[in-house]
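Student: Here's a structure for you.
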Amino acid sequence: MAFPPASHSWLPWWASVGTRPLRSWWPHTWWRMAAPPAEPPTVYLTFDDGPTAIATEALLRILHRYEARATFFLIGHHVQAHPQRVRRIVEAGHAVGNHTFTHVDAWQTAHATVVRELEHTAQAITAHTGGPVSLLRPPYGHLTPALCHWAGRHGVRVVMWDVMPADFQRGASAMSVARFTTAYVRPGSIVVLHDNPMTEPITLQALEAILRWGTARGWRFAALPASQTGS
Ligand SMILES: [Zn+2]
């Protein structure tokens, strides 16, 4: 097991490598996708917290330049504020998922409230895309058994991550995020980044570096499939 670069804090390492032994405890969750050996290595970039006024468009432009697809986990009240950006994301071939209506923490919130937030958000997204919402990422990655069972009953897949470079963390830089990602990414990895004004300067620059690195190696960047079709 590799140790993190000395310049980086332990959070991304713990979230990315330290969680590996715990992942199989959670039903109906994806951390890393199956990687068919005959296909080019594929990475699943994901962006949480959008859509936002400026960052979403900038992310879409960079992804387009590298012919990369990704998955955006949307906050319901941001969907209502920026409906045209939801349509832009989907029209560009990216996938969208549910990130609750107000970014509630499932560890601190009654399950019924979390479910109401998820349903409300799914309705808001579907109103602008016309399609069902079958992917869900809990804010902060805070899983609960009730949430996983709810997802299983409703044909919704809970999406966690294989690589979390912590672009939101104090002290993170574009270089630390890109370096951590390229050091730990594997075929099938799901990577968490953010569509958030707080992280925008770091995330945009890191995304560019990650896409340049992966494209030079013949890696493919794809949107997550709808929950029924994945591994
Ligand atoms: Zn979030």
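For the structure tokens, the naming scheme is as follows: chains receive sequential letters (A, B, ...) according to their order of presentation, residues are indexed from 1 within each chain, and ligands are indexed from 1 in presentation order.
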Neighbouring residues of ligand 1 are defined here as those with any atom at most 9 Å from a ligand atom, counting only C-alpha atoms and all ligand atoms; list them as a VMD selection string.

Tutor: chain A and resid 47 to 50 73 to 75 99 to 100 103 to 104 137 to 141 194 to 196

Student: May I have all residues of segment 30-229 of chain A that DSSP, computed from the backbone, assigns to helix (DSSP H, G or I), given as a PyMOL selection string?

Tutor: chain A and resi 55-65+76-81+83-91+111-129+139-141+145-153+174-184+200-216+227-229

Student: Near segment 52-64 of chain A, counting only C-alpha atoms, which residues have an atom at most 12 Å away, once you skip same-chain residues fewer than 4 positions from it, shown as a ChimeraX atom specification?

Tutor: /A:45-48,68-94,193-212,215,220-223

Student: Measure the distance from atom CA of Thr29 of chain A to atom CA of Met160 of chain A in Å and round it to one decimal.

Tutor: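 Atom CA of Met160 of chain A lies at a distance of 6.7 Å from atom CA of Thr29 of chain A.
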
Student: Please compute the atom CA of Ser24 of chain A-atom CA of His120 of chain A distance, one decimal, in Å.

Tutor: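 Pair atom CA of Ser24 of chain A / atom CA of His120 of chain A returns 29.2 Å.
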
Student: Smallest atom-to-atom distance to Ile125 of chain A: which of A:Pro51, A:Ser176, A:Ala151, A:Glu67, using only C-alpha atoms?

Tutor: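 Comparing A:Pro51, A:Ser176, A:Ala151, A:Glu67 against Ile125 of chain A, the winner is A:Pro51.
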
Student: Quick one: residues within 9 Å of Val115 of chain A, only C-alpha atoms counted, chain neighbours fewer than 3 positions away excluded, as a list in words?

Tutor: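 Everything that qualifies: Thr100, Ala110, His111, Ala112, Leu118, Glu119, His120, Leu147 and Trp150 of chain A.
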
Student: Go ahead and save the residues from that selection, with N, CA and C atoms, as a compact mmCIF listing (two decimals), in the first residue's frame.

Tutor:
```
# COMPACT_ATOMS: atom_id res chain seq x y z
N THR A 100 -28.97 15.79 -2.92
CA THR A 100 -29.98 16.35 -1.99
C THR A 100 -30.36 17.79 -2.35
N ALA A 110 -32.90 13.54 10.13
CA ALA A 110 -33.85 12.42 10.15
C ALA A 110 -33.94 11.80 8.74
N HIS A 111 -34.03 10.47 8.70
CA HIS A 111 -34.05 9.79 7.40
C HIS A 111 -35.21 10.30 6.52
N ALA A 112 -36.36 10.53 7.13
CA ALA A 112 -37.53 10.98 6.35
C ALA A 112 -37.23 12.33 5.68
N LEU A 118 -34.25 14.15 -1.30
CA LEU A 118 -33.85 13.40 -2.50
C LEU A 118 -34.99 13.40 -3.52
N GLU A 119 -36.21 13.19 -3.05
CA GLU A 119 -37.35 13.15 -3.97
C GLU A 119 -37.57 14.51 -4.62
N HIS A 120 -37.46 15.55 -3.81
CA HIS A 120 -37.65 16.91 -4.29
C HIS A 120 -36.60 17.25 -5.37
N LEU A 147 -30.26 4.95 4.25
CA LEU A 147 -30.11 5.56 2.92
C LEU A 147 -29.82 4.49 1.88
N TRP A 150 -32.97 2.48 1.24
CA TRP A 150 -33.91 3.29 0.46
C TRP A 150 -33.49 3.28 -1.01
```

Student: How many Å separate atom CA of Trp31 of chain A from atom CA of Ile190 of chain A?

Tutor: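 Distance between the two atoms: 6.3 Å.
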
Student: What parts of segment 80-213 of chain A does DSSP call strand (DSSP E)? I'd like the answer as a count of residues only.

Tutor: 14

Student: I'd like a table as a tab-separated table: residues in segment 16-79 of chain A with an atom no more than 9 Å from segment 163-174 of chain A, each row giving the shortest atom pair and its distance in Å to one decimal, only C-alpha atoms counted, sorted by chain and rising residue number.

Tutor:
```
residue	atom	partner	partner_atom	distance
A:Ser16	CA	A:Val163	CA	4.7
A:Val17	CA	A:Val163	CA	7.8
A:Trp31	CA	A:Val163	CA	8.7
A:Arg32	CA	A:Val163	CA	8.9
```
